[in-house]
>>> print(open('upload_11.txt').read())   # compact mmCIF, C-alpha atoms
# COMPACT_ATOMS: atom_id res chain seq x y z
CA MET A 1482 18.77 29.19 -5.46
CA PHE A 1483 21.57 28.83 -8.01
CA GLN A 1484 21.28 31.44 -10.65
CA ARG A 1485 24.81 32.65 -11.00
CA THR A 1486 26.64 31.95 -14.23
CA SER A 1487 30.36 31.21 -14.33
CA LYS A 1488 32.31 32.93 -17.06
CA ALA A 1489 35.91 32.14 -17.96
CA LYS A 1490 37.83 33.65 -20.87
CA SER A 1491 39.58 30.34 -21.56
CA VAL A 1492 40.46 27.04 -19.90
CA GLU A 1493 43.67 25.22 -20.71
CA SER A 1494 45.10 22.05 -19.24
CA ASN A 1495 48.21 20.13 -20.15
CA SER A 1496 47.08 16.72 -18.92
CA ILE A 1497 43.98 15.23 -17.33
CA VAL A 1498 44.79 11.72 -16.11
CA PHE A 1499 43.61 8.85 -13.89
CA SER A 1500 39.81 9.36 -13.88
CA SER A 1501 40.00 13.12 -13.53
CA THR A 1502 37.38 15.41 -15.00
CA LEU A 1503 37.20 18.84 -16.54
CA GLN A 1504 33.57 19.66 -15.99
CA ILE A 1505 32.02 22.53 -17.94
CA GLY A 1506 28.40 23.20 -17.05
CA ASP A 1507 26.12 22.55 -14.09
CA CYS A 1508 25.69 19.16 -12.48
CA SER A 1509 23.90 17.65 -9.51
CA TYR A 1510 26.55 15.43 -7.93
CA ILE A 1511 30.30 14.98 -7.97
CA ASP A 1512 31.56 11.88 -6.16
CA GLY A 1513 35.27 11.19 -6.51
CA THR A 1514 37.27 8.44 -4.84
CA VAL A 1515 40.91 7.45 -5.13
CA HIS A 1516 42.77 4.50 -3.59
CA ALA A 1517 46.47 4.54 -4.33
CA LEU A 1518 49.41 2.33 -3.40
CA ALA A 1519 52.52 4.30 -4.26
CA VAL A 1520 55.48 1.93 -4.36
CA GLN A 1521 58.95 3.14 -5.16
CA ARG A 1522 61.18 0.14 -5.72
CA ARG A 1523 64.80 0.66 -6.63
CA SER A 1524 64.88 -2.48 -8.70
CA GLU A 1525 63.31 -3.91 -11.78
CA ILE A 1526 61.82 -6.81 -9.87
CA LEU A 1527 58.14 -7.64 -10.16
CA TYR A 1528 56.87 -10.10 -7.57
CA GLU A 1529 54.47 -12.82 -8.57
CA ARG A 1530 52.08 -11.64 -5.92
CA ASP A 1531 52.55 -7.94 -5.35
CA ASP A 1532 50.95 -5.84 -2.63
CA GLU A 1533 47.21 -5.40 -2.76
CA PHE A 1534 44.85 -2.90 -1.17
CA SER A 1535 43.59 -5.60 1.19
CA ASP A 1536 47.11 -5.96 2.61
CA TYR A 1537 46.93 -2.53 4.24
CA GLU A 1538 44.62 -1.39 6.98
CA ILE A 1539 44.24 2.14 5.66
CA PHE A 1540 42.11 0.93 2.75
CA SER A 1541 39.62 -0.99 4.88
CA ARG A 1542 39.30 1.64 7.59
CA PRO A 1543 36.29 3.91 6.99
CA LEU A 1544 37.05 7.54 6.24
CA ALA A 1545 35.45 10.04 8.61
CA LEU A 1546 33.45 12.31 6.36
CA PRO A 1547 31.98 15.35 8.06
CA ILE A 1548 28.25 14.61 8.32
CA ILE A 1549 25.80 17.30 7.29
CA THR A 1550 23.19 17.34 10.04
CA GLU A 1551 22.74 20.96 11.11
CA PRO A 1552 19.46 22.45 9.96
CA ILE A 1553 20.56 25.70 8.34
CA GLN A 1554 18.24 28.16 6.66
CA MET A 1555 20.36 29.52 3.84
CA ARG A 1556 19.36 32.55 1.85
CA PHE A 1557 21.45 33.92 -1.00
CA ASN A 1558 21.09 37.29 -2.62
CA HIS A 1559 23.07 37.46 -5.82
CA LEU A 1560 23.41 41.11 -6.73
CA CYS A 1561 25.71 40.21 -9.63
CA PRO A 1562 24.60 37.18 -11.66
CA PHE A 1563 28.13 36.31 -12.86
CA ILE A 1564 31.36 34.87 -11.50
CA GLU A 1565 34.02 36.05 -13.90
CA THR A 1566 37.58 34.88 -14.34
CA GLY A 1567 40.29 35.48 -16.87
CA HIS A 1568 42.35 32.76 -18.50
CA ILE A 1569 42.62 29.55 -16.45
CA TYR A 1570 45.66 27.36 -16.86
CA ILE A 1571 45.98 24.09 -14.94
CA ASN A 1572 49.10 22.12 -15.69
CA ALA A 1573 47.79 18.76 -14.50
CA ILE A 1574 44.57 17.32 -13.11
CA SER A 1575 45.22 13.89 -11.65
CA THR A 1576 43.81 10.91 -9.72
CA SER A 1577 40.03 11.48 -9.49
CA SER A 1578 40.31 15.24 -9.21
CA VAL A 1579 37.78 17.61 -10.69
CA ALA A 1580 38.20 21.05 -12.18
CA GLY A 1581 34.80 22.56 -12.76
CA LEU A 1582 33.07 25.57 -14.21
CA GLY A 1583 29.45 25.88 -13.20
CA ASN A 1584 27.14 25.19 -10.33
CA VAL A 1585 27.08 21.92 -8.46
CA GLY A 1586 24.61 20.43 -6.01
CA HIS A 1587 26.61 18.15 -3.75
CA ILE A 1588 30.29 17.23 -3.80
CA ARG A 1589 32.02 14.34 -2.02
CA MET A 1590 35.69 13.56 -2.55
CA LYS A 1591 37.65 10.81 -0.80
CA SER A 1592 41.30 9.91 -1.03
CA LYS A 1593 43.40 7.13 0.51
CA ILE A 1594 47.09 6.89 -0.28
CA HIS A 1595 49.77 4.59 1.10
CA HIS A 1596 53.42 5.24 0.31
CA THR A 1597 56.12 2.59 0.40
CA ARG A 1598 59.74 2.83 -0.58
CA GLN A 1599 61.75 -0.32 -1.14
CA LEU A 1600 65.45 0.39 -1.42
CA THR A 1601 68.42 -1.90 -1.56
CA ASP A 1602 71.30 -1.63 0.86
CA ASN A 1603 73.06 -4.97 0.87
CA GLY A 1604 73.58 -6.53 4.29
CA LYS A 1605 71.27 -4.26 6.27
CA SER A 1606 68.26 -5.79 7.97
CA THR A 1607 64.77 -4.55 7.42
CA GLN A 1608 61.79 -3.82 9.61
CA PRO A 1609 58.40 -5.12 8.70
CA ASP A 1610 55.77 -2.55 7.84
CA SER A 1611 53.61 -2.35 10.98
CA THR A 1612 50.69 -0.86 9.08
CA LYS A 1613 50.50 -3.98 6.97
CA LYS A 1614 47.99 -6.58 8.12
CA GLU A 1615 49.26 -9.88 9.46
CA GLU A 1616 48.72 -12.76 7.08
CA MET B 1011 20.45 28.73 12.23
CA GLU B 1012 19.78 31.40 9.68
CA PHE B 1013 22.48 32.19 7.15
CA ASN B 1014 22.08 35.17 4.88
CA VAL B 1015 24.57 35.87 2.10
CA VAL B 1016 24.73 38.89 -0.17
CA ASN B 1017 27.00 38.27 -3.13
CA HIS B 1018 28.26 41.40 -4.82
CA GLN B 1019 30.50 41.37 -7.85
CA LEU B 1020 33.00 38.50 -8.03
CA CYS B 1021 35.61 39.04 -10.69
CA VAL B 1022 39.10 37.56 -10.66
CA ASP B 1023 42.04 37.83 -13.03
CA ASN B 1024 43.92 34.93 -14.62
CA ILE B 1025 44.29 31.67 -12.66
CA ASN B 1026 47.44 29.59 -12.87
CA ILE B 1027 47.53 26.21 -11.12
CA ASN B 1028 50.32 23.68 -11.33
CA GLY B 1029 48.37 20.64 -10.14
CA VAL B 1030 45.02 19.43 -8.86
CA ALA B 1031 45.57 15.89 -7.55
CA SER B 1032 44.28 13.05 -5.37
CA ALA B 1033 40.53 13.64 -5.33
CA SER B 1034 40.98 17.39 -5.01
CA LEU B 1035 38.57 19.98 -6.31
CA PHE B 1036 38.89 23.25 -8.17
CA LEU B 1037 35.55 24.89 -8.83
CA ILE B 1038 34.28 28.16 -10.21
CA GLY B 1039 30.63 28.33 -9.31
CA ASP B 1040 28.12 27.87 -6.54
CA VAL B 1041 27.78 24.67 -4.59
CA GLN B 1042 25.37 23.48 -1.93
CA THR B 1043 27.47 21.00 0.07
CA VAL B 1044 31.09 19.86 -0.06
CA GLN B 1045 32.52 16.89 1.83
CA LEU B 1046 36.22 16.13 1.60
CA ALA B 1047 38.16 13.39 3.34
CA SER B 1048 41.69 12.15 2.95
CA ALA B 1049 43.97 9.54 4.51
CA PHE B 1050 47.65 9.56 3.72
CA ASP B 1051 49.94 6.92 5.22
CA THR B 1052 53.73 6.98 5.07
CA PRO B 1053 54.87 5.19 8.21
CA PRO B 1054 58.61 5.11 8.99
CA GLU B 1055 58.53 1.34 8.47
CA SER B 1056 57.36 1.88 4.92
CA LEU B 1057 60.94 2.67 4.06
CA ILE B 1058 62.07 -0.89 3.48
CA ILE B 1059 65.79 -1.27 2.99
CA GLN B 1060 66.53 -4.82 2.03
CA PRO B 1061 68.23 -6.82 -0.64
CA LEU B 1062 65.55 -7.34 -3.23
CA SER B 1063 65.47 -10.90 -4.41
CA LEU B 1064 63.60 -12.82 -7.06
CA VAL B 1065 62.10 -15.13 -4.44
CA PRO B 1066 58.35 -14.86 -4.91
CA LYS B 1067 56.14 -13.89 -1.97
CA VAL B 1068 53.86 -16.60 -0.58
>>> encode(input="upload_11.txt", output="structure tokens")
Amino acid sequence: MFQRTSKAKSVESNSIVFSSTLQIGDCSYIDGTVHALAVQRRSEILYERDDEFSDYEIFSRPLALPIITEPIQMRFNHLCPFIETGHIYINAISTSSVAGLGNVGHIRMKSKIHHTRQLTDNGKSTQPDSTKKEE
Amino acid sequence: MEFNVVNHQLCVDNININGVASASLFLIGDVQTVQLASAFDTPPESLIIQPLSLVPKV
């Protein structure tokens, strides 16, 4: 079924960070997951017990992945056996992302991100984060 | 369902991408199935404006 060959003149990337992959060649499965708590704190304070994934509901709630159930008869006719590209430049590949050249069987990527900003404004009251689980 | 595809020539010029992030995918090639899911939470209450103190959390 997969007989096409991917051809790229060159691949260049400035940085590949946080479990990201530059995949050259065929593979059967790609399964990438990222859980991220992005905290912006305008202070150099580190709490003894900082926030954890279990403190937020988003990380325990299951992600609704589209389920593949439909029985589809797929037939491909590759008249040209190549996929050609010129020079590829990717500045950054980050947080469980994948840049790939080649054929892949199945791909599943999941991402969960929670943003929090903690700013100081002396005297003003603060609201509790309603998405945070009660202790 | 029957799905017939005829792939003629596929040839692209240079590719320039600034960023691929957060379990994203950039692929040159054929693939059988792709499943992508994402949850991004920035509630208004996540903007916490308070005097930050050195009192440790319980």
>>> atom_distance(input="upload_11.txt", atom1="atom CA of A:Arg1589", atom2="atom CA of A:Ser1501")
14.1 Å
>>> closest_residue(input="upload_11.txt", among="B:Ile1058, B:Ile1027, B:Ala1049, B:Val1016", to="A:His1516", atoms="only C-alpha atoms")
B:Ala1049
>>> residues_around(input="upload_11.txt", residues="stretch 1023-1025 of chain B", least_positions_apart="2", cutoff="6 Å", atoms="all atoms listed in the file", output="PDB file with C-alpha atoms, in the frame of the given file")
ATOM      1  CA  THR A1566      37.580  34.880 -14.340  1.00  0.00           C
ATOM      2  CA  GLY A1567      40.290  35.480 -16.870  1.00  0.00           C
ATOM      3  CA  HIS A1568      42.350  32.760 -18.500  1.00  0.00           C
ATOM      4  CA  ILE A1569      42.620  29.550 -16.450  1.00  0.00           C
TER       5      ILE A1569
END
>>> interface_residues(input="upload_11.txt", of="chain A", to="chain B", cutoff="6 Å", atoms="all atoms listed in the file", output="VMD selection string")
chain A and resid 1487 1513 1528 to 1529 1546 1553 to 1561 1564 to 1603 1607 1610
>>> atom_distance(input="upload_11.txt", atom1="atom CA of A:Cys1508", atom2="atom CA of A:Ile1548")
21.4 Å
>>> atom_distance(input="upload_11.txt", atom1="atom CA of A:Tyr1537", atom2="atom CA of A:Lys1613")
4.7 Å
